[in-house]
Number of protein chains: 2
Amino acid sequence: MKLTILGCNAATPRNNAQTTAQLLEINGQLVLIDCGEGTQLQLRKFGIKFARIQHIFISHLHGDHFYGLIGLISTFRLLGRTADLHVYGPKGIKEIITLQLKLAKSWTDYALYFHELDSDQSCLVLDHEKFTVETLPLDHRVYTNGYLFCEKAGKRKINTTAVADYGVEVADMENLKQGKDIQLAHGDWVKNSVLTFDPEPPKSYAFCSDTAYKPDLAELLKGVNCLYHEATFLEIHQDLAVKTKHSTASEAAQIAANAEVKQLILGHFSSRYPDRNEFLVQAKQYFQDVHLAEDGKGFQIS
Amino acid sequence: MKLTILGCNAATPRNNAQTTAQLLEINGQLVLIDCGEGTQLQLRKFGIKFARIQHIFISHLHGDHFYGLIGLISTFRLLGRTADLHVYGPKGIKEIITLQLKLAKSWTDYALYFHELDSDQSCLVLDHEKFTVETLPLDHRVYTNGYLFCEKAGKRKINTTAVADYGVEVADMENLKQGKDIQLAHGDWVKNSVLTFDPEPPKSYAFCSDTAYKPDLAELLKGVNCLYHEATFLEIHQDLAVKTKHSTASEAAQIAANAEVKQLILGHFSSRYPDRNEFLVQAKQYFQDVHLAEDGKGFQIS
């Protein structure tokens with residue numbers, strides 16, 4: 001599982017500081033999370049084969065999280081896309097996109113599906129062959145969801161030595177990978193666990209932006225491998241965080257600590273801070289394995 | 001009068017090749033023409049004090065000409081704008097912008113005026129103290145206007161030597177600039193033309209994008225100082241130009257020649273041509289003073 005930060009600046013894009021967008025590679029699938037203005041250019045800049053994206057998850061309808069979506073949808077058509085595209089986001093997102101296509105007398109040559117969300121409870125929104133996605137209801141000025149991405153367990157791994165020792169036939173390999181016990185040629189049964197190893201444990205990634213400090217979020221995030229949590233402000237601007245329904249670095253770190261996640265990434269930084277090191281310092285009061293998002297930075301999630 | 005190209009790529013933005021947007025400085029006023037995705041970043045990149053923009057002219061509702069508008073409008077609010085903003089464009093543009101503001105529970109703290117256009121005749125859309133703007137009806141797949149920007153004549157210039165010789169009083173200088181004759185202290189009248197020089201002749205700029213070859217456009221462009229005309233294709237793709245209602249470099253140059261403009265700028269280039277020099281070569285068959293648009297390039301219009 002690999003995460004690439006395409007943008008992590010709050011509110012407006014600046015030179016070399018794009019608004020929120022992330023690319024998640026999960027079990028070989030490419031997923032886009034949020035899509036601030038210029039995201040299609042960030043995808044090109046970082047050499048991502050973005051035609052492979054089939055699922056886009058939008059957290060909320062503030063511009064710094066979705067103004068790039070219509071451009072990406074248009075560009076997909078111009079590049080000759082035929083594969084289905086699924087967009088998940090708050091109610092209203094379909095109207096915004098289709099109004100613009102209609103007024104441009106434009107269309108998509110690929111099937112474009114909107115999955116509009118309006119529940120305030122966490123729910124499963126995608127059950128893909130390779131992974132699942134659940135919403136994480138957040139507390140912001142407009143209806144907002146974070147998303148929890150969980151790999152599905154891979155197949156069991158063949159113990160090549162044991163398989164050779166027992167003389168298992170090639171035709172049985174797929175059954176072994178699926179966890180089945182095997183009957184040998186002379187009739188004896190062998191337990192699957194003797195012939196295979198456990199697959200890699202599935203990994204999970206949680207995206208939480210934008211949100212006020214929401215302590216009960218920790219319940220939904222229990223033990224995730226990697227948490228991205230917004231940290232728009234430092235402690236000195238706690239009042240602004242409350243007023244605008246954003247979080248501080250300390251609050252993000254408290255969520256990470258309470259949820260006992262493995263790794264924390266901070267992002268959605270306000271432009272008012274020229275030096276971002278203080279975000280690390282303040283977060284480390286509560287949680288050690290913390291990193292700062294940065295345009296173009298990749299995180300291997302393990 | 002100065003024109004800055006912010007983007008001139010057709011269809012989709014590429015690395016270092018933004019879609020259409022231009023900044024025109026006319027008699028001290030800043031005007032934005034079209035606003036492709038990422039225009040606000042181009043304005044920052046080229047160090048333009050874009051808070052000074054009070055008028056935005058959108059040619060048509062294809063994304064490569066206006067997807068950056070909502071982001072710019074939002075950023076103006078975040079930067080604390082209070083000055084009025086006027087947006088001119090096809091019917092529907094108001095609905096696109098206001099729908100997005102409404103769904104974001106957002107607003108503008110400045111007055112935002114939409115001037116929606118639907119006439120197929122050239123008409124005066126802005127009569128500003130310093131300049132006028134008329135539409136140039138174009139022929140494209142959706143309703144499209146170019147725009148003709150004309151400076152208003154400046155005041156007459158004082159002939160300081162003559163004024164001293166005749167002993168004209170300081171109180172009369174403004175009357176002189178306004179073209180009035182002057183009565184001297186001893187009662188004699190002096191003609192204005194004796195005491196002043198003609199002001200700089202007013203200049204004009206025409207923006208024509210996107211459009212199929214439209215020969216009768218030349219009538220509306222007669223003698224303009226500078227014409228920007230789209231040249232999406234080279235002659236080899238004449239069939240595509242007809243099919244998609246775009247122009248070739250040769251066609252743009254024929255318009256310039258027939259209209260007897262002083263200078264021609266070509267832009268809106270298809271990404272299919274790695275070398276743009278051929279646009280110049282083909283245009284020069286018909287018109288000599290021709291230039292290629294380029295992101296960040298400035299043109300002094302004289």
# chains A, B, ... in the order shown; residues from 1 in each chain; ligands from 1
>>> interface_residues(of="chain B", to="chain A", cutoff="6 Å", atoms="only C-alpha atoms", output="ChimeraX atom specification")
/B:38,61-62,104
>>> write_last_selection(atoms="C-alpha atoms", output="compact mmCIF listing (two decimals), in the first residue's frame")
# COMPACT_ATOMS: atom_id res chain seq x y z
CA GLY B 38 -4.98 26.91 -12.45
CA LEU B 61 -18.25 27.41 -21.32
CA HIS B 62 -15.72 24.83 -22.45
CA ALA B 104 -20.12 24.88 0.01
>>> residues_around(residues="A:Ile53", least_positions_apart="6", cutoff="10 Å", atoms="only C-alpha atoms", output="VMD selection string")
chain A and resid 23 to 25 29 to 32 83 to 86
>>> select_by_dssp(residues="stretch 60-196 of chain B", states="strand (DSSP E or B)", output="number ranges by chain")
B: 85-90, 112-117, 124-127, 131-137, 145-151, 157-158, 182-183, 189-190, 196
>>> select_by_dssp(residues="stretch 108-208 of chain B", states="helix (DSSP H, G or I)", output="PDB file with C-alpha atoms, in the first residue's frame")
ATOM      1  CA  THR B 160       4.838  73.558 -21.933  1.00  0.00           C
ATOM      2  CA  THR B 161       6.832  75.953 -24.103  1.00  0.00           C
ATOM      3  CA  ALA B 162       3.744  77.496 -25.701  1.00  0.00           C
ATOM      4  CA  VAL B 163       1.943  77.719 -22.368  1.00  0.00           C
ATOM      5  CA  ALA B 164       4.904  79.621 -20.866  1.00  0.00           C
ATOM      6  CA  ASP B 165       5.159  81.933 -23.895  1.00  0.00           C
ATOM      7  CA  TYR B 166       1.480  82.917 -23.670  1.00  0.00           C
ATOM      8  CA  VAL B 170      -2.166  77.194 -13.809  1.00  0.00           C
ATOM      9  CA  ALA B 171      -5.934  77.215 -13.191  1.00  0.00           C
ATOM     10  CA  ASP B 172      -6.494  76.768 -16.945  1.00  0.00           C
ATOM     11  CA  MET B 173      -4.382  73.617 -17.381  1.00  0.00           C
ATOM     12  CA  GLU B 174      -7.248  71.175 -16.848  1.00  0.00           C
ATOM     13  CA  ASN B 175      -9.396  73.080 -19.398  1.00  0.00           C
ATOM     14  CA  LEU B 176      -6.520  72.837 -21.874  1.00  0.00           C
ATOM     15  CA  LYS B 177      -6.195  69.057 -21.299  1.00  0.00           C
ATOM     16  CA  ASN B 192      -6.401  74.946 -27.808  1.00  0.00           C
ATOM     17  CA  SER B 193      -4.372  73.437 -30.663  1.00  0.00           C
ATOM     18  CA  VAL B 194      -1.726  76.163 -30.200  1.00  0.00           C
ATOM     19  CA  LEU B 195      -1.199  75.245 -26.549  1.00  0.00           C
TER      20      LEU B 195
END
>>> residues_around(residues="A:Asn9", least_positions_apart="6", cutoff="9 Å", atoms="only C-alpha atoms", output="mmCIF file with N, CA and C atoms, in the first residue's frame")
data_model
loop_
_atom_site.group_PDB
_atom_site.id
_atom_site.type_symbol
_atom_site.label_atom_id
_atom_site.label_comp_id
_atom_site.auth_asym_id
_atom_site.auth_seq_id
_atom_site.Cartn_x
_atom_site.Cartn_y
_atom_site.Cartn_z
ATOM 1 N N ALA A 17 2.493 24.643 -3.711
ATOM 2 C CA ALA A 17 1.725 24.213 -2.539
ATOM 3 C C ALA A 17 0.273 24.066 -2.977
ATOM 4 N N GLN A 18 -0.043 22.860 -3.448
ATOM 5 C CA GLN A 18 -1.381 22.616 -3.971
ATOM 6 C C GLN A 18 -2.359 22.272 -2.862
ATOM 7 N N THR A 19 -3.646 22.399 -3.182
ATOM 8 C CA THR A 19 -4.680 22.033 -2.216
ATOM 9 C C THR A 19 -4.862 20.502 -2.216
ATOM 10 N N THR A 20 -5.746 20.029 -1.323
ATOM 11 C CA THR A 20 -5.774 18.596 -0.999
ATOM 12 C C THR A 20 -6.064 17.653 -2.168
ATOM 13 N N ASP A 64 -11.228 23.715 -2.042
ATOM 14 C CA ASP A 64 -9.851 23.212 -1.969
ATOM 15 C C ASP A 64 -9.801 21.690 -1.903
ATOM 16 N N THR A 232 -4.605 21.887 10.488
ATOM 17 C CA THR A 232 -4.569 23.211 9.844
ATOM 18 C C THR A 232 -3.783 24.207 10.682
ATOM 19 N N GLY A 267 -1.401 17.074 7.640
ATOM 20 C CA GLY A 267 -1.494 17.875 6.415
ATOM 21 C C GLY A 267 -2.563 18.922 6.518
ATOM 22 N N HIS A 268 -2.898 19.546 5.355
ATOM 23 C CA HIS A 268 -3.889 20.634 5.288
ATOM 24 C C HIS A 268 -3.420 21.828 6.119
ATOM 25 N N PHE A 269 -2.168 22.204 5.871
ATOM 26 C CA PHE A 269 -1.546 23.268 6.664
ATOM 27 C C PHE A 269 -2.023 24.649 6.211
ATOM 28 N N SER A 270 -2.296 25.493 7.178
ATOM 29 C CA SER A 270 -2.590 26.886 6.877
ATOM 30 C C SER A 270 -1.324 27.547 6.311
ATOM 31 N N SER A 271 -1.536 28.463 5.343
ATOM 32 C CA SER A 271 -0.389 29.143 4.721
ATOM 33 C C SER A 271 0.293 30.120 5.673
ATOM 34 N N GLU A 294 3.697 16.491 2.217
ATOM 35 C CA GLU A 294 4.481 17.394 1.367
ATOM 36 C C GLU A 294 4.155 17.023 -0.080
ATOM 37 N N ASP A 295 3.937 17.999 -0.944
ATOM 38 C CA ASP A 295 3.564 17.700 -2.332
ATOM 39 C C ASP A 295 4.590 16.756 -2.971
#
>>> residues_around(residues="A:Asp188", least_positions_apart="3", cutoff="12 Å", atoms="only C-alpha atoms", output="MDAnalysis selection string")
chainID A and resid 166:168 181:185 191
>>> closest_residue(among="B:Phe131, B:Phe287, B:Tyr273, B:Phe66", to="B:Ala257", atoms="only C-alpha atoms")
B:Phe287
>>> atom_distance(atom1="atom CA of A:Cys35", atom2="atom CA of B:Ala51")
25.3 Å
>>> residues_around(residues="A:Glu200", least_positions_apart="2", cutoff="7 Å", atoms="only C-alpha atoms", output="PDB file with N, CA and C atoms, in the first residue's frame")
ATOM      1  N   GLY A 154      -4.907 -11.182   1.281  1.00  0.00           N
ATOM      2  CA  GLY A 154      -4.457 -11.848   0.061  1.00  0.00           C
ATOM      3  C   GLY A 154      -4.602 -13.356   0.208  1.00  0.00           C
ATOM      4  N   ASP A 198       0.859 -17.949   6.161  1.00  0.00           N
ATOM      5  CA  ASP A 198      -0.125 -16.869   6.209  1.00  0.00           C
ATOM      6  C   ASP A 198       0.225 -15.800   5.169  1.00  0.00           C
ATOM      7  N   PRO A 202      -3.434  -7.772   6.045  1.00  0.00           N
ATOM      8  CA  PRO A 202      -3.953  -6.642   5.271  1.00  0.00           C
ATOM      9  C   PRO A 202      -3.710  -5.326   5.995  1.00  0.00           C
TER      10      PRO A 202
END
>>> residues_around(residues="A:Thr82", least_positions_apart="6", cutoff="9 Å", atoms="only C-alpha atoms", output="PyMOL selection string")
chain A and resi 76+108-111
>>> write_last_selection(atoms="C-alpha atoms", output="PDB file, in the first residue's frame")
ATOM      1  CA  PHE A  76     -10.313  11.603 -19.068  1.00  0.00           C
ATOM      2  CA  THR A 108     -18.203  11.374 -21.159  1.00  0.00           C
ATOM      3  CA  ASP A 109     -17.600   8.407 -23.452  1.00  0.00           C
ATOM      4  CA  TYR A 110     -17.098   6.283 -20.350  1.00  0.00           C
ATOM      5  CA  ALA A 111     -19.692   5.408 -17.719  1.00  0.00           C
TER       6      ALA A 111
END
>>> atom_distance(atom1="atom CA of B:Met1", atom2="atom CA of B:Leu292")
18.2 Å
>>> residues_around(residues="stretch 114-130 of chain A", least_positions_apart="4", cutoff="7 Å", atoms="only C-alpha atoms", output="list in words")
Asn27, His86, Val87, Tyr88, Gly89, Pro90, Lys91, Lys94, Glu134, Thr135, Leu136, Pro137, Glu151 and Lys152 of chain A
>>> decode(residues="stretch 214-236 of chain B", atoms="C-alpha atoms", output="CSV table (one decimal), in the first residue's frame")
chain,number,residue,atom,x,y,z
B,214,LYS,CA,-15.1,33.2,-39.9
B,215,PRO,CA,-14.2,35.6,-42.7
B,216,ASP,CA,-16.8,38.3,-41.8
B,217,LEU,CA,-15.0,38.7,-38.5
B,218,ALA,CA,-12.5,40.9,-40.3
B,219,GLU,CA,-15.1,43.7,-40.6
B,220,LEU,CA,-15.3,44.0,-36.8
B,221,LEU,CA,-11.5,43.9,-36.4
B,222,LYS,CA,-10.7,46.6,-38.9
B,223,GLY,CA,-7.4,48.2,-38.0
B,224,VAL,CA,-7.0,46.9,-34.4
B,225,ASN,CA,-3.6,47.3,-33.0
B,226,CYS,CA,-3.3,43.7,-31.9
B,227,LEU,CA,-5.3,40.6,-32.7
B,228,TYR,CA,-5.1,37.3,-30.8
B,229,HIS,CA,-6.7,34.6,-32.9
B,230,GLU,CA,-6.9,31.0,-32.1
B,231,ALA,CA,-4.8,28.6,-34.2
B,232,THR,CA,-5.5,25.2,-32.9
B,233,PHE,CA,-4.3,23.3,-36.0
B,234,LEU,CA,-1.8,23.4,-38.9
B,235,GLU,CA,-3.0,23.0,-42.5
B,236,ILE,CA,-2.5,19.2,-42.4
